[in-house]
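To be precise, the following lines are run-v2.txt, and they hold compact mmCIF, C-alpha atoms.
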# COMPACT_ATOMS: atom_id res chain seq x y z
CA ARG I 1 0.00 0.00 0.00
CA LYS I 2 1.01 3.62 -0.47
CA ILE I 3 2.59 5.24 2.60
CA THR I 4 2.67 9.02 3.05
CA PHE I 5 5.28 10.45 5.41
CA GLU I 6 6.52 14.07 5.67
CA LYS I 7 4.84 15.10 2.37
CA GLN I 8 6.51 12.16 0.63
CA TRP I 9 4.75 9.02 -0.62
CA PHE I 10 6.39 5.68 -1.35
CA TYR I 11 5.95 1.89 -1.34
CA LEU I 12 7.82 -0.34 1.13
CA ASP I 13 8.00 -3.43 -1.12
CA ASN I 14 11.71 -3.02 -1.92
CA ALA I 15 12.59 -2.51 1.77
CA ILE I 16 11.75 -6.12 2.65
CA GLY I 17 14.92 -8.13 3.28
CA HIS I 18 17.15 -5.19 4.21
CA ILE I 19 18.49 -4.64 7.71
CA TYR I 20 17.27 -1.89 10.05
CA GLY I 21 19.14 1.38 9.62
CA THR I 22 19.33 1.11 5.82
CA THR I 23 18.94 4.43 4.00
CA PHE I 24 16.80 4.48 0.85
CA GLU I 25 16.23 6.98 -1.94
CA VAL I 26 12.68 7.46 -3.22
CA SER I 27 12.80 7.14 -7.00
CA SER I 28 10.09 8.06 -9.47
CA GLY I 29 6.95 6.02 -8.90
CA GLY I 30 7.50 5.82 -5.14
CA ASN I 31 9.91 2.87 -5.27
CA LEU I 32 12.71 2.62 -2.69
CA GLN I 33 16.30 2.09 -3.79
CA PRO I 34 19.22 1.62 -1.32
CA LYS I 35 21.31 4.80 -1.29
CA GLN I 36 24.88 4.54 -2.50
CA GLU I 37 27.44 6.37 -0.36
CA VAL I 38 29.05 9.16 -2.38
CA GLU I 39 32.01 11.19 -1.12
CA GLU I 40 31.38 14.93 -1.01
CA THR I 41 33.69 16.86 -3.32
CA ALA I 42 32.22 20.29 -2.62
CA THR I 43 34.22 20.66 0.59
CA GLU I 44 37.53 21.07 -1.28
CA THR I 45 36.69 24.43 -2.92
CA LYS I 46 34.58 25.74 -0.06
CA GLU I 47 34.77 29.45 0.66
CA ALA I 48 33.17 31.04 3.71
CA GLY I 49 32.73 34.53 5.06
CA THR I 50 33.59 35.88 8.48
CA ASP I 51 30.07 36.93 9.56
CA ASN I 52 26.51 37.34 8.28
CA ARG I 53 25.90 40.96 9.23
CA ASN I 54 25.99 42.30 5.65
CA ILE I 55 23.67 39.62 4.20
CA VAL I 56 20.15 40.91 3.50
CA ASP I 57 17.33 38.40 3.02
CA ASP I 58 15.42 40.18 0.25
CA GLY I 59 14.47 37.05 -1.71
CA LYS I 60 16.64 38.04 -4.72
CA SER I 61 19.77 36.07 -3.84
CA GLN I 62 18.61 32.87 -5.61
CA LYS I 63 18.72 33.01 -9.41
CA LEU I 64 16.81 29.75 -9.92
CA THR I 65 13.05 30.25 -9.90
CA HIS I 66 10.38 27.79 -8.74
CA ASP I 67 9.65 26.88 -12.39
CA ASP I 68 13.33 26.16 -13.04
CA ILE I 69 13.49 23.77 -10.05
CA LYS I 70 10.29 22.06 -11.22
CA ALA I 71 11.79 21.62 -14.70
CA LEU I 72 14.90 20.04 -13.18
CA LYS I 73 12.70 17.59 -11.25
CA ASP I 74 10.74 16.72 -14.39
CA LYS I 75 14.00 15.91 -16.20
CA GLY I 76 14.73 13.31 -13.49
CA ILE I 77 17.68 15.11 -11.91
CA LYS I 78 18.38 13.81 -8.40
CA GLY I 79 18.02 15.91 -5.28
CA GLN I 80 21.78 16.10 -4.66
CA GLU I 81 22.35 17.73 -8.06
CA ILE I 82 19.47 20.17 -7.48
CA VAL I 83 21.04 21.23 -4.15
CA GLN I 84 24.40 21.73 -5.89
CA GLN I 85 22.78 23.97 -8.53
CA LEU I 86 21.01 25.96 -5.82
CA ILE I 87 24.36 26.57 -4.14
CA GLU I 88 26.00 27.66 -7.42
CA ASN I 89 23.14 30.04 -8.26
CA SER I 90 23.03 31.66 -4.83
CA THR I 91 24.73 35.07 -4.74
CA THR I 92 25.07 35.15 -0.95
CA PHE I 93 26.21 31.56 -0.25
CA ARG I 94 29.96 32.33 -0.34
CA ASP I 95 29.53 35.31 1.99
CA LYS I 96 27.90 33.18 4.72
CA THR I 97 29.85 31.69 7.60
CA GLU I 98 30.77 28.02 7.57
CA PHE I 99 28.04 27.24 10.12
CA ALA I 100 25.44 29.12 8.05
CA GLN I 101 26.49 27.27 4.90
CA ASP I 102 26.10 23.89 6.62
CA LYS I 103 22.68 24.95 7.87
CA TYR I 104 21.66 26.07 4.34
CA ILE I 105 22.80 22.80 2.75
CA LYS I 106 21.02 20.73 5.42
CA LYS I 107 17.80 22.66 4.90
CA LYS I 108 17.87 22.26 1.10
CA LYS I 109 18.75 18.57 1.33
CA LYS I 110 15.76 17.96 3.56
CA LYS I 111 13.52 19.72 1.03
CA TYR I 112 14.78 18.26 -2.25
CA GLU I 113 16.47 14.95 -1.37
CA ALA I 114 13.89 12.18 -0.86
CA VAL I 115 15.96 10.06 1.52
CA ILE I 116 14.41 7.70 4.10
CA THR I 117 16.07 5.64 6.83
CA ILE I 118 14.09 2.74 8.33
CA VAL I 119 14.91 2.24 12.00
CA LYS I 120 13.89 -0.44 14.46
CA PRO I 121 10.92 0.63 16.64
CA SER I 122 11.70 1.25 20.29
CA THR I 123 10.14 2.92 23.32
CA ARG I 124 12.24 6.05 22.86
CA ILE I 125 11.32 6.51 19.19
CA LEU I 126 7.61 5.81 19.64
CA SER I 127 7.23 7.96 22.75
CA THR I 128 9.05 10.86 21.08
CA MET I 129 6.88 10.50 17.98
CA TYR I 130 3.60 10.35 19.92
CA TYR I 131 4.56 13.31 22.13
CA ALA I 132 5.54 15.43 19.10
CA ARG I 133 2.57 14.57 16.89
CA GLU I 134 -0.37 13.37 19.01
CA PRO I 135 0.29 14.12 22.71
CA GLY I 136 -3.41 13.99 23.56
CA LYS I 137 -3.55 10.27 22.76
CA ILE I 138 -0.94 9.51 25.43
CA ASN I 139 -2.25 12.01 28.03
CA HIS I 140 0.74 14.30 27.34
CA LEU I 141 3.13 11.70 28.77
CA ARG I 142 6.63 12.93 27.95
CA TYR I 143 9.37 10.44 27.11
CA ASP I 144 11.55 11.33 30.10
CA THR I 145 8.54 10.88 32.41
CA LEU I 146 7.93 7.45 30.89
CA ALA I 147 11.58 6.54 31.58
CA GLN I 148 11.13 7.65 35.20
CA MET I 149 8.02 5.43 35.49
CA LEU I 150 9.91 2.36 34.27
CA THR I 151 12.74 3.06 36.71
CA LEU I 152 10.58 3.83 39.75
CA GLY I 153 8.36 0.82 38.98
CA ASN I 154 11.43 -1.47 38.95
CA VAL I 155 10.30 -3.08 35.68
CA ARG I 156 12.57 -5.99 34.78
CA ALA I 157 12.44 -9.49 33.32
CA GLY I 158 10.74 -12.26 35.30
CA THR I 159 8.33 -10.09 37.31
CA LYS I 160 4.55 -9.93 37.55
CA MET I 161 3.39 -6.40 36.69
CA ILE I 162 -0.07 -4.80 36.79
CA VAL I 163 -0.51 -2.05 34.19
CA MET I 164 -3.51 0.27 34.04
CA GLU I 165 -3.14 2.80 31.25
CA THR I 166 -5.14 4.78 28.70
CA CYS I 167 -2.13 5.94 26.63
CA ALA I 168 -2.97 3.95 23.47
CA GLY I 169 -0.82 1.04 24.69
CA LEU I 170 2.46 3.00 24.81
CA VAL I 171 3.13 2.32 28.51
CA LEU I 172 2.20 -1.35 28.07
CA GLY I 173 4.59 -1.65 25.11
CA ALA I 174 7.39 -0.01 27.12
CA VAL I 175 6.87 -2.49 29.98
CA MET I 176 6.79 -5.44 27.55
CA GLU I 177 10.00 -4.26 25.87
CA ARG I 178 11.86 -3.98 29.17
CA MET I 179 10.62 -7.38 30.39
CA GLY I 180 11.77 -9.03 27.17
CA GLY I 181 9.07 -11.72 27.11
CA TYR I 182 9.90 -13.07 30.60
CA GLY I 183 7.37 -12.77 33.42
CA SER I 184 3.70 -11.86 33.20
CA ILE I 185 1.73 -8.66 32.68
CA ILE I 186 -1.90 -8.08 33.66
CA GLN I 187 -3.45 -5.17 31.78
CA MET I 188 -6.45 -3.59 33.48
CA TYR I 189 -8.76 -1.93 30.95
CA PRO I 190 -11.95 0.16 31.06
CA GLY I 191 -14.86 -0.37 28.67
CA GLY I 192 -15.32 -3.27 26.29
CA GLY I 193 -11.70 -4.14 25.59
CA PRO I 194 -8.06 -3.03 25.83
CA VAL I 195 -6.57 -0.47 23.39
CA ARG I 196 -3.16 -1.50 22.04
CA ALA I 197 -2.56 0.73 19.01
CA ALA I 198 0.95 1.75 20.09
CA THR I 199 1.79 -1.74 21.37
CA SER I 200 1.31 -3.20 17.89
CA CYS I 201 3.86 -0.69 16.50
CA PHE I 202 6.68 -2.28 18.54
CA GLY I 203 6.65 -5.41 16.38
CA PHE I 204 6.91 -7.84 19.29
CA PRO I 205 7.08 -11.57 18.47
CA LYS I 206 4.04 -13.70 19.22
CA ALA I 207 5.70 -15.25 22.29
CA PHE I 208 5.59 -11.88 24.06
CA PHE I 209 1.79 -11.89 23.99
CA ASP I 210 1.57 -15.36 25.56
CA HIS I 211 2.46 -13.76 28.92
CA LEU I 212 0.07 -10.81 28.50
CA HIS I 213 -3.26 -11.06 30.34
CA GLU I 214 -6.18 -8.65 30.48
CA PHE I 215 -8.83 -7.97 33.09
CA PRO I 216 -11.73 -5.48 33.06
CA LEU I 217 -11.87 -2.75 35.70
CA SER I 218 -15.59 -3.37 36.15
CA LYS I 219 -14.81 -6.79 37.68
CA VAL I 220 -12.20 -5.65 40.23
CA GLN I 221 -14.62 -5.05 43.10
CA SER I 222 -16.36 -8.40 42.57
CA LEU I 223 -12.94 -10.11 42.55
CA LEU I 224 -11.97 -8.43 45.83
CA SER I 225 -15.29 -9.32 47.47
CA GLY I 226 -15.13 -12.94 46.26
CA THR I 227 -18.27 -12.80 44.09
CA PHE I 228 -16.46 -12.86 40.74
CA THR I 229 -17.81 -15.25 38.09
CA THR I 230 -17.17 -15.53 34.38
CA GLU I 231 -20.83 -16.28 33.70
CA THR I 232 -21.75 -12.58 33.67
CA LEU I 233 -19.44 -11.43 30.92
CA PRO I 234 -20.42 -8.02 29.51
CA ALA I 235 -22.29 -8.22 26.19
CA ASP I 236 -21.34 -11.82 25.36
CA PRO I 237 -24.35 -13.61 26.90
CA GLU I 238 -26.69 -11.01 25.41
CA GLU I 239 -25.20 -11.54 21.96
CA ASN I 240 -25.59 -15.29 22.29
CA ALA I 241 -29.15 -14.89 23.53
CA LEU I 242 -29.91 -12.65 20.57
CA GLY I 243 -28.23 -15.12 18.24
CA GLU I 244 -30.28 -17.97 19.68
CA GLU I 245 -33.47 -15.93 19.39
CA GLU I 246 -32.65 -15.01 15.80
CA SER I 247 -31.82 -18.60 14.93
CA ASN I 248 -35.01 -19.83 16.60
CA GLY I 249 -37.04 -17.16 14.84
CA LEU I 250 -35.48 -18.00 11.52
CA SER I 251 -36.09 -21.70 12.02
CA GLU I 252 -39.76 -21.03 12.87
CA GLU I 253 -40.15 -18.83 9.80
CA LYS I 254 -38.50 -21.50 7.70
CA GLN I 255 -40.84 -24.14 9.12
CA ASN I 256 -43.85 -21.93 8.39
CA SER I 257 -42.63 -21.21 4.88
CA LEU I 258 -42.02 -24.92 4.31
CA GLN I 259 -45.52 -25.72 5.55
CA GLU I 260 -46.96 -23.02 3.27
CA THR I 261 -45.09 -24.42 0.28
CA GLU I 262 -46.40 -27.89 1.13
CA GLU I 263 -49.99 -26.63 1.52
CA GLU I 264 -50.01 -24.45 -1.62
CA PRO I 265 -49.77 -27.30 -4.17
CA ALA I 266 -52.53 -29.20 -2.35
CA ALA I 267 -54.85 -26.17 -2.48
CA GLU I 268 -54.09 -25.57 -6.16
CA ALA I 269 -54.48 -29.21 -7.16
CA PRO I 270 -58.01 -28.91 -8.71
CA MET I 271 -56.74 -26.21 -11.12
CA GLU I 272 -55.45 -27.23 -14.54
CA VAL I 273 -51.67 -26.78 -14.82
CA SER I 274 -49.52 -27.43 -17.88
CA PRO I 275 -46.49 -29.80 -17.62
CA ALA I 276 -44.00 -26.92 -18.32
CA GLU I 277 -45.41 -24.83 -15.44
CA GLU I 278 -45.24 -27.88 -13.14
CA GLN I 279 -41.52 -28.28 -14.02
CA ASP I 280 -40.83 -24.55 -13.26
CA THR I 281 -42.51 -24.72 -9.84
CA VAL I 282 -40.55 -27.87 -8.91
CA ASP I 283 -37.24 -26.15 -9.86
CA ILE I 284 -38.10 -23.01 -7.84
CA ASN I 285 -39.04 -25.07 -4.78
CA ALA I 286 -35.79 -27.04 -5.04
CA GLU I 287 -33.71 -23.83 -5.25
CA ASP I 288 -35.57 -22.38 -2.24
CA GLY I 289 -34.90 -25.53 -0.26
CA GLU I 290 -31.14 -25.42 -1.07
CA PHE I 291 -30.97 -21.71 -0.19
CA LYS I 292 -32.67 -22.29 3.17
CA GLU I 293 -30.40 -25.25 3.97
CA ASN I 294 -27.28 -23.14 3.25
CA LYS I 295 -28.60 -20.31 5.39
CA GLU I 296 -29.29 -22.71 8.27
CA LYS I 297 -25.71 -24.03 8.01
CA GLU I 298 -24.30 -20.46 8.05
CA ASN I 299 -26.36 -19.58 11.13
CA LYS I 300 -25.18 -22.71 12.94
CA GLU I 301 -21.53 -21.91 12.06
CA ASN I 302 -21.91 -18.32 13.30
CA VAL I 303 -23.40 -19.49 16.60
CA ARG I 304 -20.58 -22.05 16.96
CA GLU I 305 -17.92 -19.38 16.30
CA LYS I 306 -19.49 -17.07 18.89
CA GLN I 307 -19.54 -19.86 21.45
CA ILE I 308 -15.85 -20.69 20.77
CA LYS I 309 -14.85 -17.00 21.12
CA GLN I 310 -16.82 -16.68 24.33
CA TRP I 311 -15.22 -19.83 25.73
CA GLU I 312 -11.72 -18.54 24.88
CA ARG I 313 -12.49 -15.17 26.46
CA ARG I 314 -13.78 -16.81 29.63
CA LYS I 315 -10.67 -18.98 29.79
CA LYS I 316 -8.37 -15.92 29.53
CA LEU I 317 -10.44 -14.06 32.10
CA LYS I 318 -10.15 -16.99 34.53
CA GLU I 319 -6.36 -17.07 34.07
CA ALA I 320 -6.08 -13.33 34.75
CA ALA I 321 -8.37 -13.61 37.79
CA ALA I 322 -6.27 -16.49 39.17
CA LEU I 323 -3.10 -14.37 38.84
CA LEU I 324 -4.73 -11.42 40.59
CA ARG I 325 -6.15 -13.58 43.41
CA GLU I 326 -2.61 -14.52 44.41
CA LYS I 327 -2.09 -10.85 45.41
CA ASN I 328 1.66 -11.09 44.86
CA ALA I 329 2.25 -8.66 41.98
CA ASP I 330 5.77 -7.21 41.86
CA GLY I 331 4.69 -3.74 40.80
CA LEU I 332 1.85 -1.47 39.74
CA ILE I 333 1.90 1.22 37.04
CA VAL I 334 -1.09 3.54 36.53
CA ALA I 335 -1.23 6.13 33.73
CA SER I 336 -4.83 6.90 32.85
CA LYS I 337 -7.20 9.76 32.16
CA PHE I 338 -9.38 8.70 35.10
CA HIS I 339 -9.02 9.95 38.67
CA PRO I 340 -6.11 8.00 40.20
CA THR I 341 -7.40 7.69 43.82
CA PRO I 342 -10.08 4.97 43.44
CA LEU I 343 -7.96 3.11 40.87
CA LEU I 344 -4.88 3.02 43.08
CA LEU I 345 -6.68 2.13 46.31
CA SER I 346 -8.38 -0.87 44.70
CA LEU I 347 -5.42 -2.11 42.63
CA LEU I 348 -2.95 -1.89 45.54
CA GLU I 349 -4.77 -4.87 47.08
CA PHE I 350 -3.20 -7.11 44.43
CA VAL I 351 0.39 -5.93 45.04
CA ALA I 352 2.68 -7.83 47.39
CA PRO I 353 4.38 -6.02 50.31
CA SER I 354 7.69 -4.21 49.73
CA ARG I 355 6.91 -3.60 46.06
CA PRO I 356 6.95 -0.28 44.16
CA PHE I 357 4.01 1.50 42.53
CA VAL I 358 3.93 4.53 40.21
CA VAL I 359 0.97 6.73 39.26
CA TYR I 360 1.12 9.25 36.41
CA CYS I 361 -1.24 12.18 35.98
CA GLN I 362 -1.08 15.19 33.71
CA TYR I 363 -2.18 17.45 36.59
CA LYS I 364 -0.92 17.82 40.15
CA GLU I 365 -4.20 18.20 42.08
CA PRO I 366 -5.54 14.61 41.62
CA LEU I 367 -2.20 13.21 42.80
CA LEU I 368 -2.24 15.50 45.86
CA GLU I 369 -5.63 14.05 46.81
CA CYS I 370 -4.29 10.55 46.16
CA TYR I 371 -1.25 11.31 48.35
CA THR I 372 -3.51 12.43 51.23
CA LYS I 373 -5.75 9.34 50.96
CA LEU I 374 -2.74 7.01 50.99
CA ARG I 375 -1.32 8.69 54.10
CA GLU I 376 -4.68 8.27 55.86
CA ARG I 377 -5.01 4.64 54.74
CA GLY I 378 -1.46 3.57 55.56
CA GLY I 379 0.26 0.52 54.13
CA VAL I 380 2.71 2.58 52.05
CA ILE I 381 6.07 4.22 52.70
CA ASN I 382 8.45 6.52 50.82
CA LEU I 383 5.58 8.43 49.17
CA LYS I 384 6.97 10.99 46.74
CA LEU I 385 5.27 13.40 44.35
CA SER I 386 7.68 14.56 41.64
CA GLU I 387 7.87 16.43 38.35
CA THR I 388 10.78 15.99 35.95
CA TRP I 389 12.25 19.00 34.18
CA LEU I 390 13.57 18.54 30.66
CA ARG I 391 15.52 20.89 28.42
CA ASN I 392 17.11 19.94 25.11
CA TYR I 393 20.63 21.08 24.25
CA GLN I 394 22.19 21.46 20.84
CA VAL I 395 25.67 19.91 21.03
CA LEU I 396 27.78 20.86 18.00
CA PRO I 397 31.38 22.07 17.58
CA ASP I 398 31.74 25.65 18.88
CA ARG I 399 27.94 26.12 19.07
CA SER I 400 26.55 24.09 21.96
CA HIS I 401 23.66 25.83 23.69
CA PRO I 402 20.19 25.08 25.10
CA LYS I 403 17.46 25.13 22.50
CA LEU I 404 15.13 28.11 22.52
CA THR I 405 11.92 26.08 22.62
CA MET I 406 11.28 23.60 25.40
CA SER I 407 8.42 21.61 26.89
CA GLY I 408 6.26 23.40 29.45
CA GLY I 409 5.57 20.29 31.52
CA GLY I 410 5.67 16.54 31.32
CA GLY I 411 3.10 15.62 33.99
CA TYR I 412 3.53 14.46 37.58
CA LEU I 413 4.44 11.13 39.21
CA LEU I 414 3.38 9.72 42.56
CA SER I 415 5.58 6.82 43.65
CA GLY I 416 5.93 4.72 46.78
CA ILE I 417 6.52 1.26 48.25
CA THR I 418 3.88 -1.03 49.72
CA VAL I 419 4.18 -2.49 53.24
CA VAL I 420 1.98 -4.80 55.31
CA LEU I 421 -1.05 -2.85 56.53
CA GLU I 422 -1.84 -3.38 60.24
CA LYS I 423 -5.57 -3.89 60.57
CA GLY I 424 -5.62 -4.24 64.38
CA ARG I 425 -6.05 -0.56 65.22
CA PRO I 426 -7.29 2.38 63.20
CA ASP I 427 -4.88 4.97 61.88
CA SER I 428 -6.28 7.76 64.10
CA GLU I 429 -5.32 5.83 67.26
CA ALA I 430 -1.90 5.08 65.81
CA LEU I 431 -1.33 8.78 65.17
CA LYS I 432 -2.36 9.63 68.75
CA MET I 433 0.03 7.04 70.15
CA GLU I 434 2.89 8.38 68.01
CA GLU I 435 2.23 12.02 68.99
CA PRO I 436 5.13 13.43 71.05
CA ALA I 437 4.59 14.15 74.75
CA SER I 438 5.31 17.86 74.36
CA LYS I 439 2.20 18.27 72.19
CA ARG I 440 -0.10 16.30 74.56
CA CYS I 441 -0.38 19.14 77.03
CA LYS I 442 -3.09 18.94 79.70
CA LEU I 443 -5.41 21.84 80.44
CA GLN I 444 -4.34 22.18 84.09
CA ASP I 445 -0.69 22.45 83.07
CA LEU I 446 -1.31 25.64 81.11
CA PRO I 447 -0.41 28.95 82.91
CA CYS I 448 -3.31 31.03 84.23
Conversion result in structure tokens:
Amino acid sequence: RKITFEKQWFYLDNAIGHIYGTTFEVSSGGNLQPKQEVEETATETKEAGTDNRNIVDDGKSQKLTHDDIKALKDKGIKGQEIVQQLIENSTTFRDKTEFAQDKYIKKKKKKYEAVITIVKPSTRILSTMYYAREPGKINHLRYDTLAQMLTLGNVRAGTKMIVMETCAGLVLGAVMERMGGYGSIIQMYPGGGPVRAATSCFGFPKAFFDHLHEFPLSKVQSLLSGTFTTETLPADPEENALGEEESNGLSEEKQNSLQETEEEPAAEAPMEVSPAEEQDTVDINAEDGEFKENKEKENKENVREKQIKQWERRKKLKEAAALLREKNADGLIVASKFHPTPLLLSLLEFVAPSRPFVVYCQYKEPLLECYTKLRERGGVINLKLSETWLRNYQVLPDRSHPKLTMSGGGGYLLSGITVVLEKGRPDSEALKMEEPASKRCKLQDLPC
């Protein structure tokens, strides 16, 4: 299929079989051809000015017009030659500094050279791409914040992780990449099913998904209370009931139609019918019978497929529920658009003691409320609310400096470690017992 990227369209057929990191040129017709490395000869006779103060950008420095460049493209001249002609026809190029010349050449190459490098997908590339192009889909989760989440969550191979995210599957993919196919992941999802658009972009092998389980958020409370059953799956039983009703209705209609077709010839028997008309009616009835038989077979197959899918879904749901019932998860990561407090308080029940948890939110206020609730509840230590600060730097010879534009904020993280919660006495009594003696001052001790 045709792929459009950065105002350039091409076909990926010729890229199959090449290694990652190969650079291709887009030829006429959108076909990819591996780029041949050519040594630059323009650097030998390169002249540069001392500064750019006398250069005026009046739009008259370039002798080649837009029509001339279009004619060069139509002739089939490659982008590298077009850039060379632009340099030769520029009246101010030789007066620019060496840095300005490099910048000019880089800009023109990007515009006229159709060069594409195919790289292997990774968490860094995908998170940078999503944050630059569609940050709303990942709840404005910046790539450095995602790295902090993976570190604070202690994500590693061989662990059992619980992931609750509404970031198009980016956080889930990052966890799967770091675990490397070892261990198990339970994805908690809202609604009818999990969203894994970004996860599919990683190109994981099929074995990675064998250790990935999913569990609906709507069933968490029933699992904690011990009333969880797979018989009340959302929408599946209703669909089957509707399918059974439709199949029953169709079968009744078919029976009625068959009875009518049997009764009609008997009622029309006294009438005189020619042999040719009798032959036509027999053929029509035979075709109707075959059509109805095929339709009955299709309906039976559809019902059977639905039953198989429902059975597989119930089996997966039972496996995920069995993993959660053990309540020995090695970590919890939450990054969703929902309020974090009820999510965290319910999902922490499935995490083993002395394990880390991380909660991401685009705003600070929900995490402050979550922080307060956790302090009141107890069972956690080392609670920390943090915000990472990121600034990009341009690092080049003799011109390293921070970039002028930078991100305003990358969201907030609430992290901590679970401990065994003492259920013998309430937290209010524990706080009173821990209160220092200097603050427990009696009324009669106060001066008059």
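In this structure, CA of Leu126 in chain I sits 21.0 Å away from CA of Phe10 in chain I.
Nearest residue to Asn139 in chain I, choosing from I:Ile55, I:Met188, I:Val171, I:Val26 and counting all atoms listed in the file: I:Val171.
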For range 128-137 of chain I: contacts at 7 Å, only C-alpha atoms, fewer than 6 positions along chain excluded, given as JSON, numbers by chain: {"I": [143, 167, 168]}
Test item: residues at most 7 Å from Gly411 in chain I, all atoms listed in the file, excluding those fewer than 3 positions along its chain, as a PyMOL selection string: chain I and resi 141+361-363+387
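Shortest atom-to-atom contact with Tyr189 in chain I among I:Arg94, I:Arg142, I:His213, I:Arg377: I:His213, counting only C-alpha atoms.
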Name all residues at most 12 Å from Glu214 in chain I (count all atoms listed in the file; drop same-chain ones fewer than 2 positions away) and give them as JSON, numbers by chain. {"I": [161, 162, 163, 164, 165, 172, 184, 185, 186, 187, 188, 189, 190, 192, 193, 194, 195, 196, 209, 210, 211, 212, 216, 217, 219, 220, 313, 314, 315, 316, 317, 318, 319, 320, 321, 322, 323, 324]}
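Among I:Ser336, I:Thr22, I:Ser407, I:Thr227, the residue with the shortest atom-to-atom distance to Pro366 in chain I, counting only C-alpha atoms, is I:Ser336.
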Any idea what the distance is between CA of Glu6 in chain I and CA of Val115 in chain I? 11.1 Å
What would range 85-90 of chain I look like with all heavy atoms in place, written as a short mmCIF file (atom, residue, chain, number, x, y, z; two decimals), keeping the file's coordinate frame?
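result-v5.cif written:
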data_model
loop_
_atom_site.label_atom_id
_atom_site.label_comp_id
_atom_site.auth_asym_id
_atom_site.auth_seq_id
_atom_site.Cartn_x
_atom_site.Cartn_y
_atom_site.Cartn_z
N GLN I 85 23.12 22.85 -7.64
CA GLN I 85 22.78 23.97 -8.53
C GLN I 85 22.24 25.16 -7.74
O GLN I 85 22.49 26.31 -8.10
CB GLN I 85 21.75 23.52 -9.58
CG GLN I 85 22.32 22.54 -10.59
CD GLN I 85 21.56 22.58 -11.90
OE1 GLN I 85 20.91 23.56 -12.23
NE2 GLN I 85 21.66 21.49 -12.65
N LEU I 86 21.50 24.88 -6.67
CA LEU I 86 21.01 25.96 -5.82
C LEU I 86 22.16 26.71 -5.16
O LEU I 86 22.14 27.94 -5.02
CB LEU I 86 20.06 25.40 -4.75
CG LEU I 86 18.66 24.98 -5.20
CD1 LEU I 86 17.96 24.20 -4.11
CD2 LEU I 86 17.83 26.20 -5.57
N ILE I 87 23.18 25.95 -4.76
CA ILE I 87 24.36 26.57 -4.14
C ILE I 87 25.11 27.44 -5.16
O ILE I 87 25.52 28.57 -4.87
CB ILE I 87 25.30 25.48 -3.57
CG1 ILE I 87 24.63 24.78 -2.38
CG2 ILE I 87 26.64 26.07 -3.14
CD1 ILE I 87 25.33 23.52 -1.92
N GLU I 88 25.28 26.92 -6.39
CA GLU I 88 26.00 27.66 -7.42
C GLU I 88 25.26 28.92 -7.85
O GLU I 88 25.90 29.92 -8.23
CB GLU I 88 26.24 26.75 -8.64
CG GLU I 88 27.23 25.61 -8.36
CD GLU I 88 27.28 24.61 -9.49
OE1 GLU I 88 26.55 24.81 -10.49
OE2 GLU I 88 28.04 23.63 -9.37
N ASN I 89 23.93 28.90 -7.81
CA ASN I 89 23.14 30.04 -8.26
C ASN I 89 22.76 30.99 -7.14
O ASN I 89 21.95 31.90 -7.34
CB ASN I 89 21.86 29.56 -8.96
CG ASN I 89 22.13 28.96 -10.33
OD1 ASN I 89 22.29 29.67 -11.31
ND2 ASN I 89 22.21 27.64 -10.39
N SER I 90 23.30 30.76 -5.96
CA SER I 90 23.03 31.66 -4.83
C SER I 90 24.14 32.71 -4.76
O SER I 90 25.33 32.39 -4.70
CB SER I 90 22.98 30.86 -3.53
OG SER I 90 22.83 31.74 -2.43
#
